[in-house]
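Colleague: So here's data34.tsv (TSV, C-alpha atoms and all ligand atoms).
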chain	number	residue	atom	x	y	z
R	440	MET	CA	-32.86	-262.18	-98.32
R	441	GLU	CA	-32.72	-265.33	-96.26
R	442	ALA	CA	-33.28	-268.48	-98.28
R	443	SER	CA	-36.53	-269.22	-96.48
R	444	VAL	CA	-38.34	-266.10	-97.76
R	445	HIS	CA	-40.86	-267.10	-100.44
R	446	ARG	CA	-40.00	-266.46	-104.09
R	447	LEU	CA	-43.58	-265.92	-105.18
R	448	ILE	CA	-46.91	-264.90	-103.71
R	449	THR	CA	-50.32	-265.88	-104.98
R	450	SER	CA	-53.16	-263.76	-103.74
R	451	PRO	CA	-56.70	-262.55	-104.30
R	452	PHE	CA	-56.80	-258.90	-105.38
R	453	LEU	CA	-60.10	-257.02	-105.73
R	454	GLY	CA	-62.01	-259.90	-107.24
R	455	GLN	CA	-59.06	-261.14	-109.29
R	456	TYR	CA	-56.15	-263.46	-108.56
R	457	LEU	CA	-52.46	-262.68	-108.97
R	458	VAL	CA	-49.05	-264.27	-108.82
R	459	LEU	CA	-46.41	-261.79	-107.71
R	460	ARG	CA	-42.72	-261.77	-107.07
R	461	PRO	CA	-41.51	-259.74	-104.06
R	462	GLY	CA	-39.39	-256.84	-105.30
R	463	GLU	CA	-41.11	-256.68	-108.71
R	464	GLY	CA	-43.95	-254.31	-109.49
R	465	ARG	CA	-45.41	-256.39	-112.30
R	466	GLY	CA	-47.61	-259.38	-111.49
R	467	ILE	CA	-49.39	-262.10	-113.44
R	468	GLY	CA	-53.19	-262.36	-113.48
R	469	ILE	CA	-54.47	-265.92	-113.10
R	470	PRO	CA	-57.98	-267.43	-113.03
R	471	GLU	CA	-59.43	-268.49	-109.70
R	472	SER	CA	-58.98	-272.16	-110.67
R	473	ARG	CA	-55.20	-271.69	-110.88
R	474	TYR	CA	-55.14	-269.89	-107.53
R	475	GLU	CA	-56.91	-272.94	-106.06
R	476	GLU	CA	-54.53	-275.26	-107.89
R	477	LEU	CA	-51.54	-273.46	-106.35
R	478	ARG	CA	-53.18	-273.45	-102.94
R	479	ALA	CA	-53.59	-277.23	-103.07
R	480	ALA	CA	-50.09	-277.77	-104.49
R	481	VAL	CA	-48.55	-275.73	-101.65
R	482	ALA	CA	-50.61	-277.58	-99.03
R	483	ASP	CA	-49.38	-280.94	-100.44
R	484	ASN	CA	-45.87	-279.59	-101.10
R	485	ARG	CA	-46.00	-280.64	-104.74
R	486	PRO	CA	-43.58	-279.18	-107.34
R	487	ALA	CA	-44.53	-276.16	-109.45
R	488	PRO	CA	-46.89	-276.88	-112.36
R	489	LEU	CA	-45.49	-276.25	-115.84
R	490	TRP	CA	-47.63	-273.14	-116.44
R	491	LEU	CA	-46.19	-271.48	-113.32
R	492	ARG	CA	-42.60	-272.29	-114.34
R	493	GLU	CA	-43.19	-270.81	-117.77
R	494	ALA	CA	-44.97	-267.74	-116.44
R	495	ALA	CA	-42.24	-267.04	-113.84
R	496	ALA	CA	-39.52	-267.45	-116.47
R	497	GLN	CA	-41.28	-265.11	-118.85
R	498	ALA	CA	-42.29	-262.43	-116.34
R	499	TRP	CA	-39.23	-262.32	-114.11
R	500	GLN	CA	-36.62	-264.60	-115.73
R	501	THR	CA	-36.92	-266.79	-112.64
R	502	VAL	CA	-36.18	-270.49	-112.65
R	503	LEU	CA	-38.27	-272.20	-109.98
R	504	PRO	CA	-36.63	-275.08	-108.08
R	505	ASP	CA	-37.79	-278.67	-108.58
R	506	SER	CA	-38.53	-279.02	-104.87
R	507	GLY	CA	-42.00	-278.81	-103.31
R	508	LEU	CA	-43.80	-275.46	-103.48
R	509	ARG	CA	-44.14	-274.91	-99.73
R	510	GLU	CA	-40.86	-272.99	-99.51
R	511	VAL	CA	-41.39	-271.28	-102.86
R	512	VAL	CA	-44.93	-269.88	-102.98
R	513	LEU	CA	-46.71	-268.05	-100.19
R	514	VAL	CA	-50.49	-268.29	-100.48
R	515	ARG	CA	-52.44	-265.26	-99.33
R	516	GLU	CA	-55.85	-266.40	-98.17
R	517	ARG	CA	-59.08	-264.61	-99.06
R	518	SER	CA	-60.04	-261.92	-96.57
R	519	SER	CA	-63.61	-261.09	-95.68
R	520	TYR	CA	-62.48	-257.47	-95.12
R	521	GLY	CA	-61.65	-257.12	-98.79
R	522	TYR	CA	-58.99	-254.39	-98.58
R	523	ALA	CA	-56.18	-254.41	-101.14
R	524	LYS	CA	-53.85	-251.53	-100.28
R	525	ALA	CA	-52.75	-249.56	-97.24
R	526	SER	CA	-50.19	-247.00	-96.22
R	527	TRP	CA	-48.50	-247.05	-92.81
R	528	GLU	CA	-46.57	-244.30	-91.11
R	529	ILE	CA	-44.10	-246.29	-89.08
R	530	ASN	CA	-43.09	-243.07	-87.32
R	531	LEU	CA	-43.71	-239.37	-87.93
R	532	GLY	CA	-40.20	-238.32	-86.83
R	533	CYS	CA	-38.00	-236.91	-89.58
R	534	ASP	CA	-34.37	-235.84	-89.87
R	535	HIS	CA	-35.36	-232.97	-92.21
R	536	ASP	CA	-37.42	-229.92	-91.41
R	537	CYS	CA	-38.94	-228.77	-94.74
R	538	GLY	CA	-41.18	-225.74	-94.38
R	539	PHE	CA	-43.79	-227.21	-96.73
R	540	CYS	CA	-44.10	-230.56	-94.92
R	541	TYR	CA	-47.76	-231.58	-94.83
R	542	LEU	CA	-47.26	-233.45	-91.55
R	543	GLY	CA	-46.88	-230.35	-89.39
R	544	GLU	CA	-45.39	-231.37	-86.05
R	545	LYS	CA	-43.37	-234.56	-86.61
R	546	ARG	CA	-43.13	-236.28	-83.24
R	547	PHE	CA	-40.85	-239.29	-83.08
R	548	GLU	CA	-43.38	-241.74	-81.70
R	549	GLY	CA	-44.53	-245.16	-82.74
R	550	LEU	CA	-45.68	-248.58	-81.62
R	551	GLN	CA	-43.56	-250.96	-79.55
R	552	TRP	CA	-42.22	-253.93	-81.51
R	553	ASP	CA	-44.88	-256.44	-80.42
R	554	ASP	CA	-47.60	-254.02	-81.46
R	555	LYS	CA	-45.91	-253.36	-84.80
R	556	VAL	CA	-46.08	-257.10	-85.48
R	557	ARG	CA	-49.71	-257.19	-84.30
R	558	LEU	CA	-50.57	-254.29	-86.59
R	559	LEU	CA	-48.82	-255.79	-89.63
R	560	THR	CA	-50.60	-259.08	-89.02
R	561	MET	CA	-53.92	-257.22	-88.92
R	562	LEU	CA	-53.08	-255.54	-92.23
R	563	ARG	CA	-52.36	-258.96	-93.74
R	564	ASP	CA	-55.63	-260.32	-92.36
R	565	ALA	CA	-57.49	-257.28	-93.75
R	566	GLY	CA	-56.38	-258.45	-97.20
R	567	VAL	CA	-53.71	-255.77	-97.77
R	568	LEU	CA	-51.46	-256.94	-100.59
R	569	TRP	CA	-49.71	-253.66	-101.48
R	570	LEU	CA	-48.32	-251.77	-98.49
R	571	GLN	CA	-46.60	-248.41	-98.52
R	572	ILE	CA	-44.33	-247.85	-95.51
R	573	THR	CA	-43.80	-244.15	-94.97
R	574	GLY	CA	-43.11	-241.55	-92.27
R	575	GLY	CA	-41.87	-238.94	-91.30
R	576	GLU	CA	-38.69	-240.56	-92.47
R	577	ALA	CA	-39.35	-244.29	-92.38
R	578	LEU	CA	-35.71	-245.36	-92.63
R	579	ILE	CA	-34.66	-243.65	-89.40
R	580	ASP	CA	-36.97	-245.83	-87.32
R	581	ARG	CA	-34.74	-248.27	-85.43
R	582	GLU	CA	-37.17	-251.08	-86.15
R	583	PHE	CA	-37.68	-250.27	-89.81
R	584	ALA	CA	-35.60	-253.19	-91.11
R	585	ALA	CA	-37.34	-255.70	-88.84
R	586	ALA	CA	-40.79	-254.32	-89.68
R	587	TYR	CA	-40.00	-254.35	-93.41
R	588	GLU	CA	-38.86	-257.96	-93.23
R	589	CYS	CA	-41.89	-258.91	-91.13
R	590	ALA	CA	-44.31	-257.30	-93.63
R	591	THR	CA	-42.56	-259.06	-96.52
R	592	ARG	CA	-42.73	-262.42	-94.78
R	593	LEU	CA	-46.44	-261.89	-94.19
R	594	GLY	CA	-46.82	-261.73	-97.96
R	595	MET	CA	-47.23	-258.01	-98.58
R	596	MET	CA	-45.64	-256.22	-101.52
R	597	ILE	CA	-43.75	-253.25	-100.12
R	598	GLN	CA	-43.24	-249.73	-101.39
R	599	ILE	CA	-41.10	-247.46	-99.22
R	600	SER	CA	-41.44	-243.69	-99.29
R	601	THR	CA	-38.33	-241.92	-98.07
R	602	ASN	CA	-36.43	-238.65	-98.24
R	603	GLY	CA	-33.35	-240.70	-99.16
R	604	SER	CA	-31.19	-239.36	-96.35
R	605	GLN	CA	-30.14	-242.81	-95.15
R	606	LEU	CA	-29.58	-244.59	-98.46
R	607	TYR	CA	-25.84	-243.91	-98.41
R	608	LYS	CA	-25.54	-246.28	-95.42
R	609	PRO	CA	-24.17	-249.72	-96.35
R	610	ARG	CA	-26.51	-251.52	-93.93
R	611	LEU	CA	-29.56	-250.19	-95.78
R	612	GLN	CA	-28.09	-250.95	-99.19
R	613	GLU	CA	-27.41	-254.50	-97.93
R	614	LEU	CA	-30.96	-254.79	-96.63
R	615	PHE	CA	-32.49	-253.76	-99.96
R	616	ALA	CA	-30.05	-255.85	-101.99
R	617	GLY	CA	-31.27	-258.94	-100.13
R	618	LEU	CA	-34.92	-257.99	-99.79
R	619	ARG	CA	-35.98	-255.68	-102.61
R	620	PRO	CA	-39.00	-253.44	-102.25
R	621	TYR	CA	-41.02	-253.29	-105.46
R	622	ARG	CA	-40.63	-249.53	-105.33
R	623	LEU	CA	-38.53	-247.03	-103.45
R	624	THR	CA	-40.15	-243.61	-103.79
R	625	VAL	CA	-37.60	-240.90	-102.99
R	626	SER	CA	-38.33	-237.18	-102.67
R	627	LEU	CA	-35.96	-234.70	-104.30
R	628	TYR	CA	-35.80	-231.17	-102.87
R	629	GLY	CA	-33.05	-229.42	-104.81
R	630	ALA	CA	-30.24	-229.82	-107.34
R	631	THR	CA	-27.45	-228.09	-105.41
R	632	GLY	CA	-26.14	-228.34	-101.87
R	633	ALA	CA	-27.06	-224.72	-101.16
R	634	THR	CA	-30.72	-225.16	-102.10
R	635	TYR	CA	-31.27	-228.72	-100.89
R	636	ASP	CA	-29.68	-228.09	-97.48
R	637	SER	CA	-31.64	-224.87	-97.09
R	638	VAL	CA	-35.01	-226.47	-98.03
R	639	THR	CA	-34.46	-229.41	-95.68
R	640	ARG	CA	-32.79	-227.22	-93.04
R	641	ASN	CA	-30.10	-229.84	-92.73
R	642	ARG	CA	-26.46	-229.07	-93.45
R	643	GLY	CA	-24.65	-231.67	-95.57
R	644	ALA	CA	-27.97	-233.32	-96.50
R	645	PHE	CA	-27.48	-232.98	-100.28
R	646	ASP	CA	-24.11	-234.68	-100.16
R	647	ARG	CA	-25.53	-237.63	-98.21
R	648	PHE	CA	-28.58	-237.74	-100.48
R	649	THR	CA	-26.59	-237.87	-103.72
R	650	ARG	CA	-24.28	-240.54	-102.33
R	651	GLY	CA	-27.33	-242.59	-101.41
R	652	LEU	CA	-28.88	-242.18	-104.84
R	653	ASP	CA	-25.59	-243.05	-106.56
R	654	ALA	CA	-25.40	-246.24	-104.47
R	655	SER	CA	-29.06	-247.04	-105.26
R	656	ARG	CA	-28.43	-246.62	-108.96
R	657	GLU	CA	-25.39	-248.88	-108.73
R	658	ALA	CA	-27.51	-251.50	-106.93
R	659	ARG	CA	-30.31	-251.08	-109.51
R	660	LEU	CA	-32.86	-250.41	-106.82
R	661	PRO	CA	-36.35	-249.60	-108.15
R	662	VAL	CA	-36.21	-245.89	-107.30
R	663	ARG	CA	-38.86	-243.46	-108.47
R	664	LEU	CA	-38.20	-239.80	-107.73
R	665	ASN	CA	-40.78	-237.31	-106.54
R	666	ILE	CA	-39.46	-233.88	-107.50
R	667	VAL	CA	-41.06	-231.51	-105.01
R	668	VAL	CA	-41.28	-227.94	-106.29
R	669	ALA	CA	-41.65	-225.09	-103.78
R	670	GLU	CA	-40.87	-221.39	-103.89
R	671	GLU	CA	-37.36	-222.02	-102.48
R	672	ASN	CA	-36.25	-224.54	-105.14
R	673	ALA	CA	-38.39	-223.64	-108.17
R	674	HIS	CA	-35.34	-222.10	-109.90
R	675	GLU	CA	-33.78	-225.60	-109.94
R	676	VAL	CA	-36.66	-227.56	-111.49
R	677	ASP	CA	-34.80	-228.13	-114.75
R	678	ALA	CA	-31.62	-229.08	-112.91
R	679	MET	CA	-33.56	-231.55	-110.72
R	680	VAL	CA	-35.04	-233.13	-113.84
R	681	ARG	CA	-31.55	-233.41	-115.32
R	682	LEU	CA	-30.31	-235.13	-112.15
R	683	ALA	CA	-33.17	-237.63	-112.41
R	684	GLU	CA	-32.68	-238.25	-116.13
R	685	ASP	CA	-28.96	-237.93	-116.74
R	686	ARG	CA	-27.18	-238.71	-113.50
R	687	TRP	CA	-29.43	-241.50	-112.25
R	688	GLY	CA	-31.84	-242.43	-115.02
R	689	PHE	CA	-34.67	-242.91	-112.53
R	690	PRO	CA	-38.32	-242.31	-113.49
R	691	TYR	CA	-39.78	-239.25	-111.80
R	692	GLN	CA	-42.88	-237.19	-111.18
R	693	VAL	CA	-42.97	-233.46	-110.53
R	694	PHE	CA	-45.16	-232.25	-107.65
R	695	THR	CA	-46.01	-228.59	-107.61
R	696	ASN	CA	-49.10	-228.11	-105.42
R	697	MET	CA	-48.66	-227.60	-101.69
R	698	SER	CA	-51.34	-228.76	-99.25
R	699	PRO	CA	-52.12	-227.62	-95.71
R	700	THR	CA	-50.82	-229.87	-92.93
R	701	ILE	CA	-52.88	-232.87	-91.89
R	702	ASN	CA	-54.09	-230.78	-88.96
R	703	GLY	CA	-55.34	-228.01	-91.26
R	704	GLU	CA	-52.47	-225.58	-90.60
R	705	ALA	CA	-51.72	-223.19	-93.45
R	706	ASN	CA	-47.90	-223.03	-93.13
R	707	PRO	CA	-47.01	-225.17	-96.20
R	708	LEU	CA	-49.16	-222.97	-98.47
R	709	ALA	CA	-46.66	-220.14	-98.03
R	710	SER	CA	-44.07	-222.30	-99.83
R	711	GLN	CA	-46.24	-222.66	-102.93
R	712	ALA	CA	-44.32	-221.75	-106.10
R	713	LYS	CA	-47.07	-219.61	-107.70
R	714	LYS	CA	-45.80	-220.07	-111.23
R	715	TYR	CA	-46.06	-223.85	-110.87
R	716	MET	CA	-49.53	-224.04	-109.35
R	717	ARG	CA	-51.52	-226.56	-111.38
R	718	ALA	CA	-55.25	-227.17	-111.44
R	719	ARG	CA	-56.00	-230.51	-109.82
R	720	ARG	CA	-57.95	-233.06	-111.82
R	721	VAL	CA	-61.70	-232.91	-111.41
R	722	PHE	CA	-62.64	-235.13	-108.47
R	723	ASN	CA	-64.64	-238.10	-109.72
R	724	GLY	CA	-64.89	-240.13	-106.54
R	725	CYS	CA	-62.43	-242.33	-104.74
R	726	ASN	CA	-62.36	-245.69	-102.97
R	727	ALA	CA	-60.65	-244.52	-99.79
R	728	GLY	CA	-61.93	-246.52	-96.83
R	729	HIS	CA	-63.33	-249.23	-99.12
R	730	THR	CA	-60.35	-250.77	-100.89
R	731	PHE	CA	-57.51	-248.87	-99.20
R	732	PHE	CA	-56.82	-247.08	-95.94
R	733	HIS	CA	-54.08	-245.44	-93.93
R	734	VAL	CA	-52.59	-246.23	-90.52
R	735	ASP	CA	-50.72	-243.71	-88.38
R	736	PRO	CA	-47.76	-244.46	-86.06
R	737	HIS	CA	-50.12	-245.36	-83.21
R	738	GLY	CA	-52.14	-247.91	-85.17
R	739	VAL	CA	-55.03	-245.51	-85.80
R	740	ALA	CA	-56.65	-246.25	-89.17
R	741	SER	CA	-58.31	-243.64	-91.36
R	742	ILE	CA	-59.72	-243.65	-94.89
R	743	CYS	CA	-56.52	-242.07	-96.28
R	744	LYS	CA	-53.57	-239.84	-95.31
R	745	ILE	CA	-55.57	-236.66	-95.78
R	746	GLY	CA	-58.93	-237.62	-94.34
R	747	ARG	CA	-57.83	-238.65	-90.82
R	748	ASP	CA	-61.02	-237.88	-89.02
R	749	PRO	CA	-63.09	-239.87	-88.00
R	750	SER	CA	-60.72	-242.78	-87.40
R	751	VAL	CA	-60.57	-246.28	-85.93
R	752	ASN	CA	-58.01	-247.33	-83.33
R	753	LEU	CA	-56.93	-250.79	-84.47
R	754	MET	CA	-54.76	-251.41	-81.43
R	755	ALA	CA	-57.60	-250.74	-79.00
R	756	GLU	CA	-60.55	-252.02	-81.01
R	757	GLY	CA	-58.97	-254.75	-83.12
R	758	LEU	CA	-59.45	-255.64	-86.76
R	759	ALA	CA	-63.20	-256.11	-86.35
R	760	ALA	CA	-63.52	-252.30	-86.16
R	761	LEU	CA	-61.87	-251.76	-89.55
R	762	PRO	CA	-65.06	-251.95	-91.69
R	763	GLN	CA	-66.23	-248.76	-89.94
R	764	LEU	CA	-63.95	-246.99	-92.45
R	765	GLY	CA	-66.42	-247.94	-95.17
R	766	SER	CA	-69.25	-246.11	-93.39
R	767	ILE	CA	-66.96	-243.17	-92.65
R	768	ALA	CA	-66.14	-242.91	-96.36
R	769	GLU	CA	-69.83	-243.16	-97.23
R	770	SER	CA	-70.62	-240.36	-94.80
R	771	LEU	CA	-68.10	-238.21	-96.68
R	772	GLN	CA	-69.80	-239.16	-99.97
R	773	LEU	CA	-66.43	-239.91	-101.51
R	774	ARG	CA	-67.76	-242.25	-104.14
R	775	THR	CA	-70.35	-239.81	-105.39
R	776	GLY	CA	-68.12	-236.75	-105.41
R	777	GLY	CA	-69.66	-235.42	-102.20
R	778	CYS	CA	-70.87	-231.95	-101.33
R	779	SER	CA	-74.60	-232.37	-101.93
R	780	GLY	CA	-76.11	-228.98	-102.57
R	781	CYS	CA	-72.85	-227.51	-103.81
R	782	THR	CA	-73.05	-225.93	-107.25
R	783	LYS	CA	-69.54	-227.12	-108.03
R	784	VAL	CA	-70.46	-230.82	-107.93
R	785	GLY	CA	-69.10	-232.34	-111.13
R	786	THR	CA	-66.44	-229.69	-111.62
R	787	CYS	CA	-64.91	-229.57	-108.14
R	788	ARG	CA	-61.22	-230.46	-108.12
R	789	THR	CA	-60.98	-231.40	-104.48
R	790	CYS	CA	-62.37	-234.27	-102.45
R	791	ARG	CA	-64.06	-233.34	-99.21
R	792	PRO	CA	-61.24	-234.31	-96.80
R	793	LEU	CA	-58.79	-232.12	-98.74
R	794	ALA	CA	-61.30	-229.27	-99.03
R	795	LYS	CA	-61.74	-229.44	-95.26
R	796	LEU	CA	-58.01	-228.97	-94.71
R	797	TYR	CA	-57.93	-225.97	-97.05
R	798	GLN	CA	-60.94	-224.49	-95.30
R	799	GLU	CA	-59.41	-225.02	-91.86
R	800	ALA	CA	-56.21	-223.43	-93.12
R	801	GLY	CA	-58.25	-220.36	-94.11
R	802	ASP	CA	-57.20	-220.63	-97.73
R	803	ASN	CA	-59.65	-219.25	-100.23
R	804	ARG	CA	-58.55	-219.90	-103.76
R	805	SER	CA	-60.65	-221.06	-106.67
R	806	LEU	CA	-58.79	-224.30	-107.40
R	807	TYR	CA	-60.91	-226.21	-104.97
R	808	CYS	CA	-64.29	-226.30	-103.37
R	809	GLN	CA	-65.51	-223.00	-101.93
R	810	HIS	CA	-68.46	-224.76	-100.33
R	811	GLY	CA	-68.43	-224.34	-96.56
R	812	GLY	CA	-70.46	-227.47	-96.12
R	813	TYR	CA	-67.90	-230.00	-94.89
R	814	GLY	CA	-69.23	-231.19	-91.56
R	815	SER	CA	-71.85	-228.45	-91.57
W	901	LIG	S1	-38.37	-234.87	-95.65
W	901	LIG	FE1	-40.59	-235.16	-95.97
W	901	LIG	S2	-41.37	-235.79	-93.96
W	901	LIG	FE2	-39.34	-234.87	-93.65
W	901	LIG	S3	-39.72	-232.71	-93.19
W	901	LIG	FE3	-39.35	-232.89	-95.40
W	901	LIG	S4	-41.39	-233.10	-96.30
W	901	LIG	FE4	-41.61	-233.57	-94.11
W	902	LIG	S1	-57.31	-237.18	-100.27
W	902	LIG	FE1	-59.36	-237.37	-101.16
W	902	LIG	S2	-59.05	-238.27	-103.22
W	902	LIG	FE2	-57.18	-238.59	-102.00
W	902	LIG	S3	-57.45	-240.63	-101.10
W	902	LIG	FE3	-58.18	-239.15	-99.58
W	902	LIG	S4	-60.37	-239.01	-99.96
W	902	LIG	FE4	-59.49	-239.96	-101.79
What is this structure when it is put down as structure tokens?
Ligand code: SF4
Ligand code: SF4
Modeller:
Amino acid sequence: MEASVHRLITSPFLGQYLVLRPGEGRGIGIPESRYEELRAAVADNRPAPLWLREAAAQAWQTVLPDSGLREVVLVRERSSYGYAKASWEINLGCDHDCGFCYLGEKRFEGLQWDDKVRLLTMLRDAGVLWLQITGGEALIDREFAAAYECATRLGMMIQISTNGSQLYKPRLQELFAGLRPYRLTVSLYGATGATYDSVTRNRGAFDRFTRGLDASREARLPVRLNIVVAEENAHEVDAMVRLAEDRWGFPYQVFTNMSPTINGEANPLASQAKKYMRARRVFNGCNAGHTFFHVDPHGVASICKIGRDPSVNLMAEGLAALPQLGSIAESLQLRTGGCSGCTKVGTCRTCRPLAKLYQEAGDNRSLYCQHGGYGS
């Protein structure tokens, strides 16, 4: 990381105030008065107050310099839009071709550089503090490193979701060593070359993947593994868990339920490992469109990755159009559980956007809403 990148961020966050350190998932809650104190201290370039020095030392073992705070703390201003989190598909293109991919057709398309910067600046101005950069495969975008650095400099805390195929490359290890994401979420698709390469339809992929994960472990990157279980690799679940625990020691989650593609195509459902199908949690409402949203590679914002319709084109309409997501979410009754008139209200395990995809895909199982009412 270049010396001029801030060491700390102070920011509003959903009615609270935080001090954060880029690259660290844990933050410190502070009262509004201390946020204002820091804001004034940065404006006057005064040194860090004692409480901040002590808090930074305790939370992150960081010794703050004696110099003025302007180069040390980045102040995120309050945003009237009030969003806190977003996800951004920098590009849908991917170097793998998994049969269960929920993205369907993965076209390698995205914004030109100037528009990427414009979009990231809009996300900052919308109040986004926690940003997930995803794809497709985010790390194969030629402008990933520049976009990642730009988002960090704008004061967003970055999580990267990746298939891990590029992590063996020294230039990426150098990038993350200098500018740590607070989390690197890496999908795992098999425990042997035969299975992994077959699932990803990419010869030699397992070898590159394991080299990348070994390097990430060496560099102590904050990796969290998503173990993706499908019919093709279900026989290696235990071996994948052992890789996560014994070889790398990374925390992990196991994902077993396949979803239709974002366009409502059924293809991924054929990869469902039946034995591992789990009942989803009962849907109790969600804040999609109100506190978080999703942006696709063209700068089109939607309430979340699943519910992409209706949407708002930020590049054409500008940030002022973003609050429409709140009304879109309301129209889907996400905060009340949705589906008025449906007898499953209260026990339904699927939000309406996800139910719509299952319905479009022609799937008809009992784990989710059977109500035909979405959009009807
Ligand atoms: S690695 Fe991920 S994005 Fe790429 S094809 Fe597989 S599931 Fe889809
Ligand atoms: S898929 Fe459903 S529960 Fe998940 S974020 Fe979107 S609306 Fe909310």
Colleague: By how many Å are atom CA of Gln711 of chain R and atom CA of Met697 of chain R apart?
Modeller: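 Atom CA of Met697 of chain R lies 5.6 Å from atom CA of Gln711 of chain R.
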Colleague: Which residues, written as a list in words, have at least one atom at most 7 Å from Thr695 of chain R, with all atoms listed in the file counted and residues fewer than 5 positions away on the same chain left out?
Modeller: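 Contacts, with the query itself left out: Val667, Val668, Ala669, Tyr715, Met716 and Arg717 of chain R.
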Colleague: Would you tabulate, counting only C-alpha atoms and all ligand atoms, all residues of chain R that have an atom at most 8 Å from an atom of ligand LIG 901 (chain W), showing the closest pair of atoms and their distance in Å to one decimal, sorted by chain then ascending number, as CSV?
Modeller:
residue,atom,partner,partner_atom,distance
R:Leu531,CA,W:LIG901,S2,7.4
R:Gly532,CA,W:LIG901,S2,7.7
R:Cys533,CA,W:LIG901,FE2,4.7
R:Asp534,CA,W:LIG901,FE2,6.3
R:His535,CA,W:LIG901,S3,4.5
R:Asp536,CA,W:LIG901,S3,4.0
R:Cys537,CA,W:LIG901,FE3,4.2
R:Gly538,CA,W:LIG901,S3,7.2
R:Phe539,CA,W:LIG901,S4,6.4
R:Cys540,CA,W:LIG901,S4,4.0
R:Tyr541,CA,W:LIG901,FE4,6.5
R:Leu542,CA,W:LIG901,FE4,6.2
R:Gly543,CA,W:LIG901,FE4,7.8
R:Lys545,CA,W:LIG901,S2,7.7
R:Gly574,CA,W:LIG901,S2,6.2
R:Gly575,CA,W:LIG901,S2,4.2
R:Glu576,CA,W:LIG901,S2,5.7
R:Thr601,CA,W:LIG901,FE1,7.4
R:Asn602,CA,W:LIG901,S1,5.0
R:Ser626,CA,W:LIG901,FE1,7.4
R:Thr639,CA,W:LIG901,FE3,6.0
Colleague: I'd like the neighbourhood of Leu593 of chain R as a PyMOL selection string, where a residue qualifies if any of its atoms comes within 8 Å (using all atoms listed in the file), though same-chain residues fewer than 4 positions away should be ignored.
Modeller: chain R and resi 559-560+563+589
Colleague: Quick one: of R:Pro609, R:Gly746, R:Gly603, R:Pro486, who's nearest to ligand LIG 902 (chain W), counting only C-alpha atoms and all ligand atoms?
Modeller: R:Gly746
Colleague: With a distance cut-off of 12 Å and all atoms listed in the file, select the neighbouring residues of Val662 of chain R, excluding the residue or stretch itself and same-chain residues fewer than 4 positions from it, and output the selection as a ChimeraX atom specification.
Modeller: /R:462-464,598-603,606,615,619-627,651-658,683,687-692
Colleague: Hey, could you make a per-residue contact list for chain R against ligand LIG 902 (chain W) with 7 Å as the cut-off, showing the nearest pair of atoms and its distance in Å to one decimal, counting all atoms listed in the file, sorted by chain and number, as CSV?
Modeller:
residue,atom,partner,partner_atom,distance
R:Gly724,CA,W:LIG902,S2,7.0
R:Cys725,CA,W:LIG902,FE4,4.8
R:Asn726,CA,W:LIG902,FE4,6.5
R:Ala727,CA,W:LIG902,FE4,5.1
R:Ile742,CA,W:LIG902,FE3,6.7
R:Cys743,CA,W:LIG902,FE3,4.7
R:Lys744,CA,W:LIG902,FE3,6.3
R:Ile745,CA,W:LIG902,S1,4.8
R:Gly746,CA,W:LIG902,FE3,5.5
R:Leu773,CA,W:LIG902,S4,6.3
R:Cys790,CA,W:LIG902,FE1,4.5
R:Arg791,CA,W:LIG902,FE1,6.5
R:Pro792,CA,W:LIG902,FE1,5.6
R:Leu793,CA,W:LIG902,S1,5.5
Colleague: Which of these residues is nearest to Leu753 of chain R, using all atoms listed in the file: R:His674, R:Gly521, R:Thr634, R:Met561?
Modeller: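 For Leu753 of chain R, the nearest of the given residues is R:Met561.
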Colleague: Smallest atom-to-atom distance to Lys713 of chain R: which of R:Leu682, R:Leu761, R:Ala673, R:Glu769, using all atoms listed in the file?
Modeller: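 Among the listed residues, R:Ala673 lies closest to Lys713 of chain R.
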Colleague: Please indicate the distance in Å from atom CA of Arg663 of chain R to atom CA of Phe648 of chain R, rounded to one decimal place.
Modeller: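 Taking atom CA of Arg663 of chain R as the start and atom CA of Phe648 of chain R as the end point, the length is 14.2 Å.
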Colleague: Counting only C-alpha atoms, which of R:Trp552, R:Arg509, R:Glu476, R:Ile597 gets nearest to Leu459 of chain R?
Modeller: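 Going through R:Trp552, R:Arg509, R:Glu476, R:Ile597 one by one, the smallest distance to Leu459 of chain R is for R:Ile597.
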Colleague: Could you state the separation of atom CA of Ile529 of chain R and atom CA of Ala577 of chain R in Å, given to one decimal place?
Modeller: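 Separation of atom CA of Ile529 of chain R and atom CA of Ala577 of chain R: 6.1 Å.
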Colleague: Looking at R:Trp569, R:Gly454, R:Val502, R:Ala480, which one is nearest to Arg517 of chain R, with distances taken over only C-alpha atoms?
Modeller: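 Among R:Trp569, R:Gly454, R:Val502, R:Ala480, it is R:Gly454 that comes nearest to Arg517 of chain R.
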Colleague: Please determine, counting all atoms listed in the file, which residue among R:Gly643, R:Pro707, R:Pro461, R:Pro749 has the shortest atom-to-atom distance to Arg592 of chain R.
Modeller: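 Closest to Arg592 of chain R of all the choices is R:Pro461.
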Colleague: Neighbouring residues of Ser518 of chain R were defined as those with any atom within 9 Å, considering all atoms listed in the file; residues of the same chain fewer than 3 positions away were excluded. Please report them as a PyMOL selection string.
Modeller: chain R and resi 451+515+521-522+563-567
